[in-house]
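Have a look at final-v3.cif; it's mmCIF, C-alpha atoms:
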```cif
data_start
loop_
_atom_site.label_atom_id
_atom_site.label_comp_id
_atom_site.auth_asym_id
_atom_site.auth_seq_id
_atom_site.Cartn_x
_atom_site.Cartn_y
_atom_site.Cartn_z
CA MET P 26 -20.45 -9.44 -9.57
CA THR P 27 -23.17 -9.50 -6.96
CA GLY P 28 -22.10 -9.45 -3.32
CA GLU P 29 -18.63 -8.07 -3.98
CA THR P 30 -17.30 -4.89 -2.44
CA GLN P 31 -15.11 -2.81 -4.73
CA CYS P 32 -11.85 -1.87 -3.11
CA ALA P 33 -9.22 0.61 -4.26
CA TRP P 34 -5.74 1.01 -2.85
CA ALA P 35 -2.76 3.37 -2.95
CA VAL P 36 0.46 3.96 -1.04
CA ARG P 37 1.00 7.25 0.76
CA HIS P 38 4.39 8.31 2.08
CA SER P 39 4.44 9.67 5.61
CA PRO P 40 6.88 10.51 8.41
CA VAL P 41 6.31 6.98 9.78
CA GLY P 42 7.06 5.35 6.43
CA PRO P 43 4.93 4.29 3.48
CA LEU P 44 1.31 3.58 4.37
CA LEU P 45 -0.95 1.25 2.40
CA LEU P 46 -4.40 2.82 2.19
CA ALA P 47 -7.44 0.90 0.98
CA ALA P 48 -11.01 2.07 0.61
CA THR P 49 -14.41 0.86 -0.45
CA GLY P 50 -17.41 2.92 -1.44
CA ALA P 51 -18.32 3.03 2.27
CA GLY P 52 -15.01 4.54 3.40
CA LEU P 53 -11.41 3.91 4.35
CA VAL P 54 -11.12 0.22 5.19
CA THR P 55 -7.45 -0.22 6.07
CA VAL P 56 -4.17 1.55 6.77
CA GLY P 57 -1.06 -0.61 6.73
CA PHE P 58 2.42 0.30 7.96
CA ARG P 59 5.72 -0.36 6.14
CA ALA P 60 4.05 -0.75 2.76
CA ASP P 61 6.77 -2.54 0.86
CA GLU P 62 6.03 -4.81 -2.10
CA GLY P 63 5.69 -8.00 -0.04
CA ARG P 64 3.42 -6.45 2.61
CA ILE P 65 1.27 -4.83 -0.06
CA ARG P 66 0.84 -8.14 -1.89
CA ARG P 67 -0.11 -9.99 1.32
CA ALA P 68 -2.47 -7.24 2.48
CA LEU P 69 -4.22 -7.07 -0.90
CA GLY P 70 -4.64 -10.84 -0.88
CA ARG P 71 -6.27 -10.68 2.57
CA LEU P 72 -8.53 -7.82 1.47
CA ALA P 73 -9.60 -9.73 -1.64
CA GLY P 74 -10.56 -12.69 0.53
CA GLU P 75 -12.40 -10.62 3.12
CA LEU P 76 -14.18 -8.25 0.73
CA GLY P 77 -14.82 -10.69 -2.11
CA ALA P 78 -13.12 -8.62 -4.83
CA ASP P 79 -9.57 -7.93 -5.95
CA PRO P 80 -8.47 -4.45 -4.87
CA VAL P 81 -7.51 -2.14 -7.73
CA HIS P 82 -4.76 0.48 -7.63
CA ASP P 83 -6.47 3.88 -7.86
CA GLU P 84 -4.83 6.90 -6.21
CA ARG P 85 -7.71 9.09 -7.44
CA HIS P 86 -10.43 7.13 -5.60
CA PRO P 87 -12.36 9.84 -3.70
CA VAL P 88 -11.97 8.24 -0.27
CA LEU P 89 -8.25 7.60 -0.84
CA SER P 90 -7.72 11.17 -2.02
CA ARG P 91 -9.44 12.48 1.09
CA ALA P 92 -7.51 10.07 3.32
CA ALA P 93 -4.22 11.19 1.77
CA ALA P 94 -5.12 14.86 2.27
CA GLU P 95 -6.17 14.30 5.89
CA LEU P 96 -3.07 12.23 6.69
CA ASP P 97 -0.86 14.95 5.16
CA ALA P 98 -2.65 17.59 7.24
CA TYR P 99 -2.32 15.45 10.39
CA PHE P 100 1.41 14.93 9.91
CA GLU P 101 1.89 18.64 9.10
CA GLY P 102 0.16 19.57 12.38
CA ARG P 103 -2.91 21.11 10.70
CA LEU P 104 -5.43 18.35 11.59
CA ARG P 105 -6.29 16.99 15.02
CA ALA P 106 -9.35 14.87 14.17
CA PHE P 107 -9.96 12.77 11.09
CA GLY P 108 -13.31 13.27 9.42
CA LEU P 109 -13.20 10.87 6.50
CA PRO P 110 -15.75 8.05 6.24
CA LEU P 111 -14.64 4.71 7.66
CA ASP P 112 -15.64 1.23 6.52
CA TRP P 113 -15.79 -0.97 9.64
CA SER P 114 -16.47 -4.20 7.71
CA LEU P 115 -13.11 -5.81 8.63
CA VAL P 116 -13.92 -5.84 12.35
CA SER P 117 -16.93 -6.96 14.33
CA GLY P 118 -18.21 -7.58 17.84
CA PHE P 119 -16.12 -6.43 20.78
CA THR P 120 -13.26 -5.25 18.57
CA ARG P 121 -15.57 -2.98 16.56
CA GLN P 122 -17.15 -1.63 19.76
CA VAL P 123 -13.73 -0.83 21.26
CA LEU P 124 -12.36 0.79 18.10
CA ARG P 125 -15.45 2.92 17.58
CA GLU P 126 -15.27 4.11 21.20
CA LEU P 127 -11.56 4.88 20.74
CA ALA P 128 -12.20 6.87 17.56
CA ALA P 129 -15.03 8.83 19.17
CA SER P 130 -13.58 9.62 22.57
CA VAL P 131 -9.78 9.79 22.68
CA PRO P 132 -8.71 13.11 21.18
CA PHE P 133 -5.41 14.22 19.69
CA GLY P 134 -2.74 14.73 22.34
CA SER P 135 -4.23 12.44 24.95
CA VAL P 136 -3.75 8.84 26.04
CA LEU P 137 -5.67 6.38 28.12
CA GLU P 138 -4.95 2.95 29.54
CA TYR P 139 -6.28 -0.32 28.13
CA GLY P 140 -8.26 -0.83 31.35
CA GLU P 141 -9.94 2.57 31.07
CA LEU P 142 -11.01 1.83 27.50
CA ALA P 143 -12.40 -1.51 28.73
CA ARG P 144 -14.41 0.36 31.38
CA ARG P 145 -15.71 2.80 28.74
CA VAL P 146 -17.15 -0.07 26.69
CA GLY P 147 -18.76 -1.60 29.78
CA ASP P 148 -16.35 -4.50 30.41
CA PRO P 149 -13.91 -3.35 33.12
CA GLY P 150 -12.12 -6.70 33.29
CA ALA P 151 -11.32 -6.80 29.58
CA ALA P 152 -8.03 -4.85 29.42
CA ARG P 153 -6.30 -7.73 27.61
CA ALA P 154 -9.18 -8.05 25.15
CA VAL P 155 -8.86 -4.32 24.49
CA GLY P 156 -5.17 -4.91 23.78
CA ALA P 157 -6.14 -7.61 21.28
CA ALA P 158 -8.62 -5.19 19.69
CA MET P 159 -5.85 -2.61 19.32
CA GLY P 160 -3.70 -5.23 17.59
CA ALA P 161 -6.58 -6.02 15.22
CA ASN P 162 -7.19 -2.36 14.32
CA PRO P 163 -7.29 -2.18 10.51
CA LEU P 164 -7.20 1.64 10.60
CA PRO P 165 -4.21 2.69 12.75
CA VAL P 166 -3.36 6.40 12.94
CA VAL P 167 -6.90 7.29 11.79
CA VAL P 168 -8.43 5.19 14.58
CA PRO P 169 -5.74 6.16 17.09
CA CYS P 170 -4.71 2.93 18.83
CA HIS P 171 -1.32 4.59 19.41
CA ARG P 172 -3.08 6.64 22.10
CA VAL P 173 -3.78 3.55 24.23
CA VAL P 174 -1.08 2.69 26.76
CA ALA P 175 -0.49 0.05 29.39
CA ALA P 176 -1.25 0.48 33.09
CA GLY P 177 1.01 3.05 34.69
CA GLY P 178 1.62 4.78 31.37
CA SER P 179 4.12 2.36 29.83
CA MET P 180 3.95 2.12 26.04
CA GLY P 181 2.30 -1.27 25.72
CA GLY P 182 2.37 -2.70 22.20
CA PHE P 183 1.67 -1.35 18.73
CA SER P 184 1.13 -3.04 15.39
CA GLY P 185 3.33 -0.47 13.67
CA GLY P 186 6.18 -1.02 16.14
CA LEU P 187 7.04 0.87 19.31
CA GLU P 188 9.23 3.39 17.50
CA THR P 189 6.27 4.35 15.29
CA LYS P 190 4.10 4.67 18.40
CA ARG P 191 6.74 6.94 19.98
CA VAL P 192 6.87 9.11 16.85
CA LEU P 193 3.06 9.45 16.74
CA LEU P 194 2.82 10.28 20.44
CA ALA P 195 5.67 12.80 20.14
CA HIS P 196 3.92 14.35 17.13
CA GLU P 197 0.82 14.80 19.30
CA GLY P 198 2.85 16.30 22.16
CA VAL P 199 2.37 13.39 24.56
CA LEU P 200 6.07 12.44 24.53
CA PRO P 201 9.13 14.57 23.93
CA ALA P 202 10.35 14.55 20.34
CA PRO P 203 13.26 12.18 19.72
CA LEU P 204 16.66 13.88 19.87
CA PHE P 205 18.03 11.97 16.88
#
```

Here is the file; what I need is its structure written in the form of structure tokens.
Amino acid sequence: MTGETQCAWAVRHSPVGPLLLAATGAGLVTVGFRADEGRIRRALGRLAGELGADPVHDERHPVLSRAAAELDAYFEGRLRAFGLPLDWSLVSGFTRQVLRELAASVPFGSVLEYGELARRVGDPGAARAVGAAMGANPLPVVVPCHRVVAAGGSMGGFSGGLETKRVLLAHEGVLPAPLF
């Protein structure tokens, strides 16, 4: 059908739990945490509405295969920067600007504060709006919103939960690894 964007999806197991991955021909479009049956169904329904086509299960989709390989390499400590194509169609405006800046300028093993990211996108008073953009990130882990912390270095929030954020930051050497 004209105007529809084909979307494929798969679930990839990771040290932070099952991840829902979805891709279009343009690139990876979403990563979702805690991919249980209910969350998958709701996420696929949202994607169908936003992209205009029902997502199809296809673990062999080229972008999903590459995403799975890069995520595996990241979690095994062999990859520090994702290189797969990204489809930014689920975000726009300020959120897109913030997420693209985050993806381009905050490397593995580093963190920055919401206010600093706001300054980098030219709106120094927009720390809260940056926080909202982090919460709207459809591509967590790959677009590393876990690397953004609150003023003074406190954790701030995270769509995948604070424990997941701690695990990701420990994996990158920013925090000590959990004892248990």

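When all atoms listed in the file are used to measure the gap to Ala92 (chain P), the shortest distance among P:Ala128, P:Ala35, P:Val199, P:Ala158 belongs to P:Ala35.
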
Legend entry - Neighbour list for His171 (chain P) as JSON, numbers by chain, cut-off 9 Å, only C-alpha atoms, skip fewer than 6 positions in-chain: {"P": [136, 159, 165, 180, 182, 183, 184, 185, 189, 190, 191, 193, 194]}

Got a sec to resolve the PyMOL selection byres ((chain P and resi 116-121) around 10) on this structure and send the residues as a list in words?
Val54, Asp112, Trp113, Ser114, Leu115, Gln122, Val123, Leu124, Arg125, Glu126, Leu127, Val146, Asp148, Ala154, Val155, Gly156, Ala157, Ala158, Met159, Gly160, Ala161, Asn162 and Pro163 of chain P

| said: Between CA of Leu45 (chain P) and CA of Leu72 (chain P), what is the distance in Å, rounded to a tenth? | reply: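 Atom-to-atom, CA of Leu45 (chain P) and CA of Leu72 (chain P) are spaced 11.9 Å apart.
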
Interatomic distance between CA of Phe100 (chain P) and CA of Gly177 (chain P)?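 Computing it gives 27.5 Å between the two atoms.
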
- Task: Could you tell me which residues the PyMOL selection byres ((chain P and resi 152) around 6) returns for this structure, as a PyMOL selection string?
- Result: chain P and resi 139-140+143+150-151+153-155

* Asked: Interatomic distance between CA of Arg91 (chain P) and CA of Pro132 (chain P)?
  ->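 Atom-to-atom, CA of Arg91 (chain P) and CA of Pro132 (chain P) are spaced 20.1 Å apart.
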
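Shortest separation to His86 (chain P) among P:Val36, P:Ala48, P:Val192, P:Val166 occurs at residue P:Ala48, atoms counted being all atoms listed in the file.
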
Residue with the minimum atom-to-atom distance to Arg71 (chain P), picked from P:Ala47, P:Gly52, P:Arg85, P:Gly181 with only C-alpha atoms counted, is P:Ala47

Original post:
With distances taken over all atoms listed in the file, which of P:Ser39, P:Gly50, P:Arg145, P:Gly77 is nearest to Ala98 (chain P)?
Top reply: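 Checking each of P:Ser39, P:Gly50, P:Arg145, P:Gly77 against Ala98 (chain P), counting all atoms listed in the file, the winner is P:Ser39.
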
Check: Any chance you could work out the residue set of the PyMOL selection byres ((chain P and resi 38) around 10) here, as a ChimeraX atom specification?
Finding: /P:36-37,39-45,59-60,93,96-97

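Distances to Ser130 (chain P) were evaluated for P:Ala73, P:Leu200, P:Val167, P:Leu142 using only C-alpha atoms, and the minimum falls at P:Leu142.
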
Judged by all atoms listed in the file, the minimum distance to Arg103 (chain P) among P:Pro169, P:Thr55, P:His196, P:Pro201 is found for P:His196

With the input short on atoms, add N, CA, C and O atoms back to region 70-82 of chain P and write it as a PDB file, in the coordinates of the input.
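To be explicit, this is the file written out as rebuild_35.pdb:
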```pdb
ATOM      1  N   GLY P  70      -4.080  -9.489  -0.844  1.00  0.00           N
ATOM      2  CA  GLY P  70      -4.640 -10.840  -0.880  1.00  0.00           C
ATOM      3  C   GLY P  70      -5.649 -11.045   0.239  1.00  0.00           C
ATOM      4  O   GLY P  70      -6.727 -11.613   0.017  1.00  0.00           O
ATOM      5  N   ARG P  71      -5.324 -10.574   1.448  1.00  0.00           N
ATOM      6  CA  ARG P  71      -6.270 -10.680   2.570  1.00  0.00           C
ATOM      7  C   ARG P  71      -7.537  -9.868   2.292  1.00  0.00           C
ATOM      8  O   ARG P  71      -8.654 -10.336   2.533  1.00  0.00           O
ATOM      9  N   LEU P  72      -7.358  -8.646   1.774  1.00  0.00           N
ATOM     10  CA  LEU P  72      -8.530  -7.820   1.470  1.00  0.00           C
ATOM     11  C   LEU P  72      -9.408  -8.480   0.423  1.00  0.00           C
ATOM     12  O   LEU P  72     -10.637  -8.465   0.549  1.00  0.00           O
ATOM     13  N   ALA P  73      -8.812  -9.052  -0.603  1.00  0.00           N
ATOM     14  CA  ALA P  73      -9.600  -9.730  -1.640  1.00  0.00           C
ATOM     15  C   ALA P  73     -10.434 -10.843  -1.018  1.00  0.00           C
ATOM     16  O   ALA P  73     -11.623 -10.996  -1.335  1.00  0.00           O
ATOM     17  N   GLY P  74      -9.831 -11.611  -0.120  1.00  0.00           N
ATOM     18  CA  GLY P  74     -10.560 -12.690   0.530  1.00  0.00           C
ATOM     19  C   GLY P  74     -11.668 -12.188   1.434  1.00  0.00           C
ATOM     20  O   GLY P  74     -12.759 -12.755   1.471  1.00  0.00           O
ATOM     21  N   GLU P  75     -11.416 -11.121   2.168  1.00  0.00           N
ATOM     22  CA  GLU P  75     -12.400 -10.620   3.120  1.00  0.00           C
ATOM     23  C   GLU P  75     -13.510  -9.803   2.466  1.00  0.00           C
ATOM     24  O   GLU P  75     -14.640  -9.804   2.936  1.00  0.00           O
ATOM     25  N   LEU P  76     -13.181  -9.106   1.368  1.00  0.00           N
ATOM     26  CA  LEU P  76     -14.180  -8.250   0.730  1.00  0.00           C
ATOM     27  C   LEU P  76     -14.811  -8.887  -0.506  1.00  0.00           C
ATOM     28  O   LEU P  76     -15.781  -8.366  -1.035  1.00  0.00           O
ATOM     29  N   GLY P  77     -14.228  -9.984  -0.986  1.00  0.00           N
ATOM     30  CA  GLY P  77     -14.820 -10.690  -2.110  1.00  0.00           C
ATOM     31  C   GLY P  77     -14.513 -10.088  -3.471  1.00  0.00           C
ATOM     32  O   GLY P  77     -15.204 -10.362  -4.436  1.00  0.00           O
ATOM     33  N   ALA P  78     -13.499  -9.233  -3.551  1.00  0.00           N
ATOM     34  CA  ALA P  78     -13.120  -8.620  -4.830  1.00  0.00           C
ATOM     35  C   ALA P  78     -11.651  -8.239  -4.768  1.00  0.00           C
ATOM     36  O   ALA P  78     -11.147  -7.864  -3.712  1.00  0.00           O
ATOM     37  N   ASP P  79     -10.961  -8.341  -5.897  1.00  0.00           N
ATOM     38  CA  ASP P  79      -9.570  -7.930  -5.950  1.00  0.00           C
ATOM     39  C   ASP P  79      -9.463  -6.414  -5.873  1.00  0.00           C
ATOM     40  O   ASP P  79     -10.103  -5.710  -6.666  1.00  0.00           O
ATOM     41  N   PRO P  80      -8.673  -5.896  -4.941  1.00  0.00           N
ATOM     42  CA  PRO P  80      -8.470  -4.450  -4.870  1.00  0.00           C
ATOM     43  C   PRO P  80      -7.751  -3.944  -6.130  1.00  0.00           C
ATOM     44  O   PRO P  80      -6.908  -4.635  -6.690  1.00  0.00           O
ATOM     45  N   VAL P  81      -8.131  -2.749  -6.557  1.00  0.00           N
ATOM     46  CA  VAL P  81      -7.510  -2.140  -7.730  1.00  0.00           C
ATOM     47  C   VAL P  81      -6.718  -0.906  -7.297  1.00  0.00           C
ATOM     48  O   VAL P  81      -7.129  -0.177  -6.397  1.00  0.00           O
ATOM     49  N   HIS P  82      -5.577  -0.691  -7.935  1.00  0.00           N
ATOM     50  CA  HIS P  82      -4.760   0.480  -7.630  1.00  0.00           C
ATOM     51  C   HIS P  82      -5.445   1.706  -8.223  1.00  0.00           C
ATOM     52  O   HIS P  82      -5.707   1.751  -9.422  1.00  0.00           O
TER      53      HIS P  82
END
```
